[in-house]
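K.L.:
What follows is the file data_38.cif, containing mmCIF, C-alpha atoms and all ligand atoms:
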data_start
loop_
_atom_site.label_atom_id
_atom_site.label_comp_id
_atom_site.auth_asym_id
_atom_site.auth_seq_id
_atom_site.Cartn_x
_atom_site.Cartn_y
_atom_site.Cartn_z
CA MET A 1 17.28 8.05 10.19
CA SER A 2 18.65 7.14 6.77
CA GLU A 3 21.36 9.38 5.25
CA ASN A 4 20.62 7.93 1.84
CA LYS A 5 21.59 10.34 -0.97
CA ASN A 6 20.91 7.99 -3.87
CA ARG A 7 18.02 8.26 -6.28
CA PRO A 8 15.21 5.76 -5.60
CA GLU A 9 16.16 3.51 -8.55
CA THR A 10 19.64 3.09 -7.07
CA THR A 11 18.27 2.54 -3.58
CA LEU A 12 16.11 -0.27 -4.94
CA VAL A 13 19.29 -2.00 -6.10
CA GLU A 14 21.59 -1.16 -3.20
CA GLY A 15 19.24 -0.89 -0.22
CA GLY A 16 19.72 -3.41 2.58
CA ARG A 17 22.48 -5.33 0.79
CA ARG A 18 24.99 -4.84 3.60
CA LYS A 19 28.23 -6.73 3.08
CA GLU A 20 28.03 -8.31 6.54
CA TRP A 21 24.59 -9.73 5.68
CA ARG A 22 25.26 -10.95 2.15
CA ARG A 23 28.99 -11.70 2.49
CA LYS A 24 30.27 -12.55 -1.02
CA LEU A 25 26.81 -13.19 -2.46
CA VAL A 26 24.82 -10.67 -4.48
CA ASN A 27 21.69 -11.22 -2.41
CA VAL A 28 21.25 -11.55 1.32
CA PRO A 29 20.36 -15.25 1.61
CA VAL A 30 17.33 -16.83 3.28
CA GLU A 31 18.29 -17.24 6.92
CA ARG A 32 15.79 -19.58 8.50
CA THR A 33 15.71 -20.00 12.25
CA SER A 34 13.56 -19.96 15.33
CA THR A 35 16.39 -20.09 17.85
CA VAL A 36 19.52 -18.02 18.09
CA GLN A 37 22.36 -19.59 20.11
CA PHE A 38 24.35 -17.09 22.14
CA ASP A 39 27.99 -17.31 23.16
CA SER A 40 27.32 -16.46 26.80
CA VAL A 41 24.70 -15.16 29.21
CA ALA A 42 26.11 -11.68 28.72
CA ASP A 43 25.78 -12.09 24.96
CA MET A 44 22.17 -13.21 25.42
CA THR A 45 21.09 -10.40 27.70
CA GLY A 46 23.26 -7.54 26.47
CA ASN A 47 21.50 -6.54 23.26
CA ARG A 48 18.28 -4.75 22.43
CA PRO A 49 16.47 -6.24 19.44
CA GLY A 50 16.73 -4.37 16.16
CA LEU A 51 18.45 -4.37 12.78
CA GLY A 52 21.55 -6.56 12.85
CA VAL A 53 20.85 -8.06 16.29
CA TYR A 54 20.15 -11.79 16.33
CA ARG A 55 17.80 -12.55 19.21
CA TYR A 56 14.94 -14.89 18.33
CA GLY A 57 13.17 -15.82 15.08
CA LEU A 58 10.38 -13.36 15.87
CA GLN A 59 12.78 -10.42 15.64
CA GLY A 60 14.01 -11.60 12.26
CA THR A 61 17.29 -12.39 10.60
CA ALA A 62 19.40 -10.67 7.97
CA THR A 63 16.82 -11.68 5.35
CA HIS A 64 14.20 -9.51 7.07
CA TRP A 65 16.57 -6.69 7.95
CA ALA A 66 17.67 -6.33 4.33
CA LEU A 67 14.10 -5.73 3.16
CA ALA A 68 13.25 -3.46 6.09
CA GLU A 69 16.38 -1.37 5.60
CA ALA A 70 15.79 -1.00 1.85
CA LEU A 71 12.22 0.18 2.47
CA THR A 72 13.39 2.64 5.13
CA GLU A 73 15.96 4.09 2.74
CA LEU A 74 13.23 4.53 0.11
CA GLU A 75 11.12 6.61 2.48
CA PRO A 76 12.80 9.93 3.35
CA GLY A 77 12.10 10.81 6.99
CA ALA A 78 11.46 7.22 8.12
CA ALA A 79 13.25 5.99 11.23
CA GLY A 80 12.59 2.33 10.42
CA THR A 81 10.30 -0.24 8.82
CA ALA A 82 8.49 -3.11 10.51
CA LEU A 83 7.44 -6.11 8.42
CA TYR A 84 4.14 -7.97 8.71
CA SER A 85 2.68 -11.13 7.25
CA SER A 86 0.20 -9.11 5.15
CA GLY A 87 -0.65 -5.55 4.33
CA LEU A 88 -3.74 -5.83 6.51
CA ALA A 89 -1.66 -7.00 9.49
CA GLY A 90 0.50 -3.89 9.02
CA ILE A 91 -2.57 -1.63 8.96
CA THR A 92 -4.21 -3.17 12.03
CA THR A 93 -0.98 -3.20 14.07
CA ALA A 94 -0.20 0.41 13.22
CA LEU A 95 -3.74 1.48 14.20
CA LEU A 96 -3.52 -0.40 17.49
CA ALA A 97 -0.16 1.20 18.21
CA VAL A 98 -1.72 4.69 18.27
CA LEU A 99 -5.25 4.03 19.60
CA LYS A 100 -6.63 3.00 22.99
CA PRO A 101 -10.15 2.48 24.33
CA GLY A 102 -12.11 5.75 24.42
CA ASP A 103 -10.31 7.18 21.37
CA GLU A 104 -11.79 8.17 18.04
CA LEU A 105 -10.27 7.42 14.64
CA LEU A 106 -11.03 9.52 11.56
CA ALA A 107 -11.02 7.33 8.44
CA PRO A 108 -11.67 8.21 4.79
CA ASP A 109 -14.99 6.98 3.46
CA HIS A 110 -13.31 5.23 0.49
CA ILE A 111 -11.12 3.11 2.76
CA TYR A 112 -10.04 -0.44 1.79
CA GLY A 113 -12.91 -2.79 2.75
CA PRO A 114 -11.08 -5.03 5.24
CA THR A 115 -9.70 -1.93 7.03
CA ARG A 116 -13.28 -0.66 7.37
CA LYS A 117 -14.32 -4.07 8.68
CA PHE A 118 -11.55 -3.98 11.30
CA CYS A 119 -12.79 -0.56 12.42
CA GLU A 120 -16.39 -1.76 12.59
CA THR A 121 -15.67 -5.00 14.44
CA PHE A 122 -12.47 -5.22 16.46
CA LEU A 123 -11.87 -1.50 17.05
CA LYS A 124 -15.50 -0.97 18.01
CA ARG A 125 -15.36 -3.83 20.56
CA TYR A 126 -12.08 -2.46 21.84
CA GLY A 127 -13.79 0.86 22.55
CA VAL A 128 -12.44 2.89 19.62
CA ALA A 129 -15.04 4.73 17.55
CA THR A 130 -14.45 5.38 13.86
CA ARG A 131 -15.79 8.50 12.24
CA TYR A 132 -15.69 8.45 8.45
CA TYR A 133 -14.90 11.58 6.47
CA ASP A 134 -15.27 12.62 2.86
CA PRO A 135 -11.91 11.66 1.29
CA LEU A 136 -11.83 15.08 -0.42
CA VAL A 137 -12.30 17.05 2.80
CA GLY A 138 -8.72 18.43 2.71
CA GLY A 139 -8.03 21.09 5.34
CA GLY A 140 -11.72 20.86 6.29
CA ILE A 141 -10.67 17.90 8.45
CA ALA A 142 -10.07 20.54 11.15
CA GLY A 143 -13.83 20.82 11.65
CA LEU A 144 -14.16 17.06 12.23
CA ILE A 145 -11.51 16.67 14.89
CA GLY A 146 -13.15 16.15 18.25
CA GLU A 147 -12.01 15.93 21.89
CA SER A 148 -11.20 12.24 21.61
CA THR A 149 -9.74 12.11 18.05
CA ARG A 150 -6.38 10.36 18.41
CA ALA A 151 -5.52 9.27 14.86
CA ILE A 152 -6.33 10.13 11.24
CA MET A 153 -6.13 7.42 8.61
CA LEU A 154 -5.64 8.24 4.92
CA GLU A 155 -5.67 6.17 1.76
CA SER A 156 -4.71 7.99 -1.41
CA PRO A 157 -5.95 7.16 -3.92
CA GLY A 158 -8.77 5.03 -2.52
CA SER A 159 -8.33 1.53 -3.87
CA LEU A 160 -11.79 1.23 -5.54
CA THR A 161 -12.94 4.77 -6.34
CA MET A 162 -9.48 6.33 -6.69
CA GLU A 163 -10.13 9.77 -5.16
CA VAL A 164 -6.78 11.43 -4.43
CA GLN A 165 -6.66 13.09 -1.03
CA ASP A 166 -5.07 16.42 -0.09
CA VAL A 167 -2.54 14.64 2.11
CA PRO A 168 -0.35 17.67 2.96
CA ALA A 169 -3.41 19.72 4.04
CA ILE A 170 -4.81 16.96 6.26
CA CYS A 171 -1.40 16.25 7.79
CA ALA A 172 -0.68 19.92 8.47
CA VAL A 173 -3.88 20.17 10.52
CA ALA A 174 -3.10 16.90 12.32
CA ARG A 175 0.46 17.99 13.19
CA GLU A 176 -0.83 21.24 14.62
CA ARG A 177 -3.17 19.27 16.90
CA GLY A 178 -0.57 16.59 17.76
CA ILE A 179 -2.64 13.81 16.13
CA PRO A 180 -0.75 11.03 14.30
CA THR A 181 -1.57 10.37 10.65
CA LEU A 182 -1.36 6.97 8.96
CA ILE A 183 -1.60 6.36 5.23
CA ASP A 184 -2.19 3.29 3.12
CA ASN A 185 0.30 4.18 0.37
CA THR A 186 0.12 0.87 -1.47
CA TRP A 187 -0.97 2.36 -4.83
CA ALA A 188 1.80 4.92 -5.24
CA THR A 189 4.59 3.31 -3.18
CA PRO A 190 7.30 5.69 -1.90
CA LEU A 191 8.63 5.88 -5.47
CA PHE A 192 5.68 7.99 -6.64
CA PHE A 193 4.59 9.49 -3.31
CA PRO A 194 7.11 9.75 -0.45
CA ALA A 195 4.44 9.99 2.22
CA ILE A 196 6.51 10.96 5.27
CA ALA A 197 8.04 13.85 3.34
CA ALA A 198 4.45 14.98 2.61
CA GLY A 199 3.77 15.17 6.36
CA VAL A 200 2.47 11.67 7.21
CA ASP A 201 3.76 10.00 10.42
CA ILE A 202 3.15 6.35 9.57
CA THR A 203 3.04 4.90 6.06
CA ILE A 204 1.85 1.43 5.22
CA LEU A 205 2.47 -0.69 2.15
CA ALA A 206 0.69 -3.89 1.29
CA ALA A 207 4.00 -5.24 -0.02
CA THR A 208 1.92 -8.12 -1.37
CA LYS A 209 1.29 -5.79 -4.35
CA TYR A 210 4.06 -3.86 -6.11
CA VAL A 211 6.94 -4.73 -3.77
CA GLY A 212 6.45 -8.48 -4.27
CA GLY A 213 5.25 -7.84 -7.81
CA HIS A 214 4.72 -11.47 -8.79
CA ALA A 215 1.47 -12.50 -7.05
CA ASP A 216 3.33 -15.06 -4.98
CA VAL A 217 3.68 -13.57 -1.51
CA MET A 218 1.66 -11.92 1.29
CA LEU A 219 3.62 -9.17 3.03
CA GLY A 220 3.13 -5.84 4.79
CA ALA A 221 5.52 -3.03 5.69
CA VAL A 222 5.04 -0.09 8.03
CA SER A 223 7.56 2.76 7.95
CA ALA A 224 7.33 5.51 10.52
CA THR A 225 9.01 8.56 11.96
CA GLU A 226 11.22 8.37 15.04
CA GLN A 227 8.25 9.31 17.23
CA TYR A 228 6.19 6.25 16.23
CA PHE A 229 8.49 3.58 14.84
CA ASN A 230 9.55 1.81 18.04
CA ARG A 231 6.06 1.44 19.41
CA ILE A 232 4.81 -0.03 16.11
CA GLN A 233 7.69 -2.50 15.88
CA THR A 234 7.37 -3.48 19.54
CA LEU A 235 3.60 -3.98 19.32
CA GLY A 236 4.13 -6.27 16.32
CA TRP A 237 6.48 -8.40 18.41
CA ASP A 238 4.15 -8.29 21.44
CA LEU A 239 1.32 -9.54 19.25
CA GLY A 240 3.61 -12.29 17.95
CA HIS A 241 3.63 -11.20 14.31
CA ALA A 242 6.36 -13.02 12.41
CA VAL A 243 7.22 -12.99 8.71
CA SER A 244 8.62 -16.07 7.07
CA PRO A 245 12.20 -15.44 5.87
CA ASP A 246 11.24 -16.97 2.51
CA ASP A 247 8.54 -14.33 2.15
CA ALA A 248 10.87 -11.52 3.23
CA TRP A 249 13.35 -12.76 0.63
CA LEU A 250 10.64 -12.71 -2.05
CA GLY A 251 9.87 -9.14 -0.99
CA SER A 252 13.52 -8.11 -1.54
CA ARG A 253 13.61 -10.03 -4.78
CA GLY A 254 10.59 -8.11 -6.06
CA LEU A 255 11.78 -4.77 -4.74
CA ARG A 256 14.94 -4.78 -6.89
CA THR A 257 12.87 -4.43 -10.09
CA MET A 258 10.02 -2.32 -8.75
CA ALA A 259 11.01 0.93 -10.50
CA ILE A 260 11.15 -0.60 -13.95
CA ARG A 261 7.92 -2.57 -13.41
CA LEU A 262 6.07 0.50 -12.16
CA LYS A 263 7.13 2.48 -15.23
CA GLN A 264 5.59 -0.18 -17.48
CA HIS A 265 2.43 -0.51 -15.34
CA GLU A 266 2.12 3.28 -15.54
CA ALA A 267 2.54 3.54 -19.32
CA SER A 268 0.20 0.65 -20.14
CA ALA A 269 -2.48 1.72 -17.65
CA LEU A 270 -2.49 5.27 -19.05
CA THR A 271 -2.80 3.95 -22.62
CA ILE A 272 -5.74 1.76 -21.66
CA ALA A 273 -7.45 4.37 -19.47
CA GLN A 274 -7.27 6.90 -22.31
CA TRP A 275 -8.62 4.33 -24.76
CA LEU A 276 -11.49 3.48 -22.40
CA LYS A 277 -12.44 7.17 -22.18
CA GLU A 278 -13.36 7.07 -25.88
CA ARG A 279 -15.54 3.96 -25.65
CA PRO A 280 -19.30 4.55 -25.82
CA GLU A 281 -19.91 1.86 -23.16
CA VAL A 282 -17.77 3.72 -20.61
CA GLY A 283 -18.77 6.57 -18.29
CA LEU A 284 -16.26 8.02 -15.84
CA VAL A 285 -12.70 6.69 -15.95
CA LEU A 286 -11.33 6.97 -12.43
CA HIS A 287 -7.58 7.12 -12.97
CA PRO A 288 -5.70 9.60 -10.73
CA ALA A 289 -3.63 10.90 -13.66
CA LEU A 290 -6.74 11.77 -15.71
CA PRO A 291 -8.67 15.00 -15.09
CA ASP A 292 -12.04 13.26 -14.49
CA CYS A 293 -10.74 11.58 -11.34
CA PRO A 294 -11.75 13.42 -8.15
CA GLY A 295 -8.61 14.82 -6.55
CA HIS A 296 -6.67 14.76 -9.85
CA ASP A 297 -5.16 18.18 -9.00
CA HIS A 298 -3.70 16.70 -5.79
CA TRP A 299 -2.18 13.90 -7.84
CA LYS A 300 -0.65 16.43 -10.23
CA ARG A 301 0.76 18.49 -7.39
CA ASP A 302 2.04 15.71 -5.10
CA PHE A 303 2.81 12.53 -7.07
CA THR A 304 5.63 11.78 -9.48
CA GLY A 305 3.86 8.96 -11.29
CA SER A 306 0.85 6.69 -11.51
CA THR A 307 0.57 2.91 -11.34
CA GLY A 308 -1.50 0.14 -12.87
CA LEU A 309 -4.73 0.19 -10.84
CA PHE A 310 -7.81 2.19 -11.83
CA SER A 311 -11.58 1.87 -12.19
CA PHE A 312 -14.16 2.79 -14.77
CA GLU A 313 -17.91 3.08 -14.92
CA LEU A 314 -19.72 0.67 -17.21
CA LYS A 315 -22.45 3.02 -18.36
CA GLY A 316 -26.01 1.85 -17.72
CA ALA A 317 -24.92 -1.74 -17.04
CA ASP A 318 -26.91 -3.68 -14.46
CA THR A 319 -25.31 -6.33 -12.27
CA ALA A 320 -25.80 -9.08 -14.85
CA ALA A 321 -24.40 -7.02 -17.75
CA ARG A 322 -21.35 -6.04 -15.71
CA ALA A 323 -20.75 -9.67 -14.77
CA ALA A 324 -21.14 -10.71 -18.43
CA PHE A 325 -18.48 -8.18 -19.44
CA VAL A 326 -16.04 -9.28 -16.75
CA ASP A 327 -16.65 -12.98 -17.39
CA ALA A 328 -15.89 -12.47 -21.10
CA LEU A 329 -12.36 -11.16 -20.45
CA LYS A 330 -9.63 -13.68 -21.18
CA LEU A 331 -6.33 -11.96 -20.34
CA PHE A 332 -7.66 -10.32 -17.17
CA GLY A 333 -7.95 -12.79 -14.30
CA ILE A 334 -10.88 -12.26 -11.96
CA GLY A 335 -9.32 -11.89 -8.55
CA TYR A 336 -8.65 -9.88 -5.42
CA SER A 337 -5.35 -8.14 -5.07
CA TRP A 338 -3.24 -6.38 -7.69
CA GLY A 339 0.35 -5.23 -8.18
CA GLY A 340 1.59 -8.43 -9.80
CA TYR A 341 2.85 -8.84 -13.35
CA GLU A 342 -0.55 -10.09 -14.47
CA SER A 343 -3.66 -8.12 -15.32
CA LEU A 344 -6.68 -8.49 -13.05
CA VAL A 345 -10.29 -7.38 -12.98
CA LEU A 346 -13.08 -7.21 -10.43
CA VAL A 347 -16.49 -5.61 -10.09
CA ALA A 348 -16.45 -2.90 -7.46
CA ASP A 349 -19.40 -1.79 -5.33
CA PRO A 350 -18.10 0.84 -2.93
CA VAL A 351 -19.54 1.03 0.59
CA ARG A 352 -20.03 4.59 1.86
CA THR A 353 -21.16 6.13 5.12
CA VAL A 354 -20.90 9.92 4.71
CA SER A 355 -20.14 10.57 1.03
CA LYS A 356 -21.20 9.42 -2.43
CA PRO A 357 -18.86 7.44 -4.66
CA PRO A 358 -17.95 9.33 -7.86
CA ALA A 359 -19.66 6.60 -9.90
CA THR A 360 -21.40 3.25 -9.49
CA SER A 361 -21.38 0.13 -11.70
CA LEU A 362 -17.60 0.16 -11.44
CA VAL A 363 -15.12 -2.25 -12.93
CA ARG A 364 -11.63 -2.17 -11.44
CA LEU A 365 -8.66 -3.11 -13.59
CA HIS A 366 -5.10 -3.84 -12.68
CA ILE A 367 -2.99 -3.42 -15.80
CA GLY A 368 -0.16 -5.91 -15.77
CA LEU A 369 2.91 -6.30 -17.95
CA GLU A 370 1.22 -7.86 -20.99
CA HIS A 371 1.37 -5.81 -24.22
CA PRO A 372 -1.31 -3.08 -23.89
CA ASP A 373 -2.58 -3.76 -27.44
CA ASP A 374 -3.43 -7.34 -26.43
CA LEU A 375 -5.26 -6.06 -23.35
CA ILE A 376 -7.18 -3.57 -25.51
CA ALA A 377 -8.13 -6.37 -27.90
CA ASP A 378 -9.38 -8.40 -24.93
CA LEU A 379 -11.45 -5.49 -23.60
CA THR A 380 -12.84 -4.85 -27.11
CA GLN A 381 -14.12 -8.39 -27.50
CA ALA A 382 -15.64 -8.27 -23.99
CA PHE A 383 -17.51 -5.02 -24.79
CA LEU A 384 -19.09 -6.89 -27.72
CA LYS A 385 -20.51 -9.43 -25.22
CA LEU A 386 -22.49 -6.72 -23.40
CA PRO A 387 -26.21 -7.37 -23.77
C1 LIG A 401 -5.31 -0.62 -0.77
C2 LIG A 401 -5.01 -1.91 -0.09
N1 LIG A 401 -4.48 -1.86 1.13
C3 LIG A 401 -4.20 -2.98 1.81
C4 LIG A 401 -4.44 -4.21 1.27
C5 LIG A 401 -4.15 -5.43 2.11
O1 LIG A 401 -3.01 -6.08 1.70
P1 LIG A 401 -2.85 -7.64 1.96
O2 LIG A 401 -3.66 -8.31 0.90
O3 LIG A 401 -1.39 -7.85 1.85
O4 LIG A 401 -3.36 -7.90 3.33
C6 LIG A 401 -4.96 -4.31 -0.01
C7 LIG A 401 -5.22 -5.63 -0.61
O5 LIG A 401 -5.92 -5.79 -1.58
C8 LIG A 401 -5.27 -3.13 -0.70
O6 LIG A 401 -5.83 -3.16 -1.92
#
Would you mind giving the structure from this file in structure tokens?

P.N.:
Amino acid sequence: MSENKNRPETTLVEGGRRKEWRRKLVNVPVERTSTVQFDSVADMTGNRPGLGVYRYGLQGTATHWALAEALTELEPGAAGTALYSSGLAGITTALLAVLKPGDELLAPDHIYGPTRKFCETFLKRYGVATRYYDPLVGGGIAGLIGESTRAIMLESPGSLTMEVQDVPAICAVARERGIPTLIDNTWATPLFFPAIAAGVDITILAATKYVGGHADVMLGAVSATEQYFNRIQTLGWDLGHAVSPDDAWLGSRGLRTMAIRLKQHEASALTIAQWLKERPEVGLVLHPALPDCPGHDHWKRDFTGSTGLFSFELKGADTAARAAFVDALKLFGIGYSWGGYESLVLVADPVRTVSKPPATSLVRLHIGLEHPDDLIADLTQAFLKLP
């Protein structure tokens, strides 16, 4: 477990930059290899894989260890961090590490679409049933836990509808029953919500987003407590998951500036969300730091900041009108993903099983690092294109 006493901004700079890995360089270099050549049979067979132990390309090199160690140091209570080739690979591996045929998973109804798809396809075939719950259920999760419930997934806020969950309440119930909790913490990152400290066992980042920060890499990271870390890391290796050292290096490269980028994403997104609230074309603005967002009180209590992703309701707009608005935007690229330096937009149609989304006809924005006044000017001209 990390003994890190530094503030997160300092950890972002110092984390993982061990002298023996970077030597006289500022950054740990890209170490590219499949094969490690050992000095002797004893050297080959004497070590268990892990940070600092060269074994085979699959288990990584100093380039990977530097990123993993920095992420572990950022997450108080984490025993380690395993890297994956995408955020989704991290989510699916972590779920598989705690579930077996016959088990039930509880998952929030606002869950990231591809995670829901994995539950509905692979997990179902594998014999794991998923029961969806209202993301705002809080301590009421106790009433949903059944005989075969073996894991509770959380995502806070939900990446389309932004409801903020009562993570400590859900985790307290889960701990009492001995059920592991997993969270997709991509929106807040450990800088704004240290999830393990809030009671979560396994926390997952799509490092593709704010860790990478430049829309040029796919990467996932799973940090976990002592009880769960080894089995997650080992399952990743057993499944043959490997991360390119170039991609791990890009992850570290992005991580060094994450605090300063997040501060700007936060300030610009708040400016734009507040401006949108005043527009006659806009209904609900679903931004966790604004009171209209379901679960806002949990955000206020548990988070130390907000980031660049939020949604809003385009009042009374049908599918064609919403598309006309989005198509008219010039500075916002239309695209999946978020967390890069550039602003993005997409239309969002949440899928629900047991609860209602807070609003429909949603547009999701990721506010990048452009000047917010230019983004407001772009949104203004697009509102004028509404039929
Ligand atoms: C909330 C959330 N979790 C996980 C992912 C998956 O990350 P990746 O694209 O790296 O697989 C995404 C991607 O959009 C996401 O928005």

K.L.:
Write out as a list in words which residues come within 8 Å of A:Gly87 when counting only C-alpha atoms, dropping same-chain ones fewer than 4 positions away.

P.N.:
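Contacts, in chain order: Ile91, Ile204, Leu205, Ala206, Ala207, Thr208, Met218, Leu219, Gly220 and Ala221 of chain A.
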
K.L.:
Can I get the residues of chain A within 9 Å of ligand LIG 401 (chain A), each with the closest pair of atoms and their distance in Å to one decimal, using only C-alpha atoms and all ligand atoms, sorted chain first then ascending number, as a tab-separated table?

P.N.:
residue	atom	partner	partner_atom	distance
A:Tyr84	CA	A:LIG401	O3	8.8
A:Ser85	CA	A:LIG401	O3	7.5
A:Ser86	CA	A:LIG401	O3	3.9
A:Gly87	CA	A:LIG401	O3	3.5
A:Leu88	CA	A:LIG401	O4	3.8
A:Ala89	CA	A:LIG401	O4	6.5
A:Gly90	CA	A:LIG401	O4	8.0
A:Ile91	CA	A:LIG401	C3	7.5
A:Ile111	CA	A:LIG401	C1	7.8
A:Tyr112	CA	A:LIG401	C1	5.4
A:Gly113	CA	A:LIG401	C8	8.4
A:Pro114	CA	A:LIG401	C5	7.6
A:Thr115	CA	A:LIG401	C3	7.7
A:Glu155	CA	A:LIG401	C1	7.3
A:Ser156	CA	A:LIG401	C1	8.7
A:Pro157	CA	A:LIG401	C1	8.4
A:Gly158	CA	A:LIG401	C1	6.9
A:Ser159	CA	A:LIG401	C1	4.8
A:Leu160	CA	A:LIG401	O6	8.2
A:Asp184	CA	A:LIG401	N1	6.0
A:Asn185	CA	A:LIG401	C1	7.5
A:Thr186	CA	A:LIG401	C1	5.7
A:Trp187	CA	A:LIG401	C1	6.6
A:Ile204	CA	A:LIG401	N1	8.2
A:Leu205	CA	A:LIG401	C3	7.1
A:Ala206	CA	A:LIG401	O1	4.3
A:Ala207	CA	A:LIG401	O3	6.3
A:Thr208	CA	A:LIG401	O3	4.6
A:Lys209	CA	A:LIG401	O3	7.1
A:Val217	CA	A:LIG401	O3	8.3
A:Met218	CA	A:LIG401	O3	5.1
A:Leu219	CA	A:LIG401	O3	5.3
A:Gly220	CA	A:LIG401	O3	5.8
A:Tyr336	CA	A:LIG401	O5	6.2
A:Ser337	CA	A:LIG401	O5	4.2
A:Trp338	CA	A:LIG401	O5	6.7

K.L.:
Compare A:Gly15, A:Pro49, A:Pro101, A:Gly60 by their minimum atom-to-atom distance to A:His241, counting all atoms listed in the file, and give me the closest one.

P.N.:
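Closest to A:His241 of all the choices is A:Gly60.
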
K.L.:
With all atoms listed in the file counted, which protein, DNA or RNA residues have an atom no more than 12 Å from (4.9, -8.3, 19.6) in the file frame? Please answer as a list in words.

P.N.:
Pro49, Leu58, Gln59, Ala82, Leu83, Tyr84, Thr93, Ala94, Leu96, Ala97, Asn230, Arg231, Ile232, Gln233, Thr234, Leu235, Gly236, Trp237, Asp238, Leu239, Gly240, His241 and Ala242 of chain A

K.L.:
Taking only C-alpha atoms into account, name the residue in A:Gly213, A:Pro135, A:Pro245, A:Gly127 that is nearest to A:Glu31.

P.N.:
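So, comparing all the options, the nearest one is A:Pro245.
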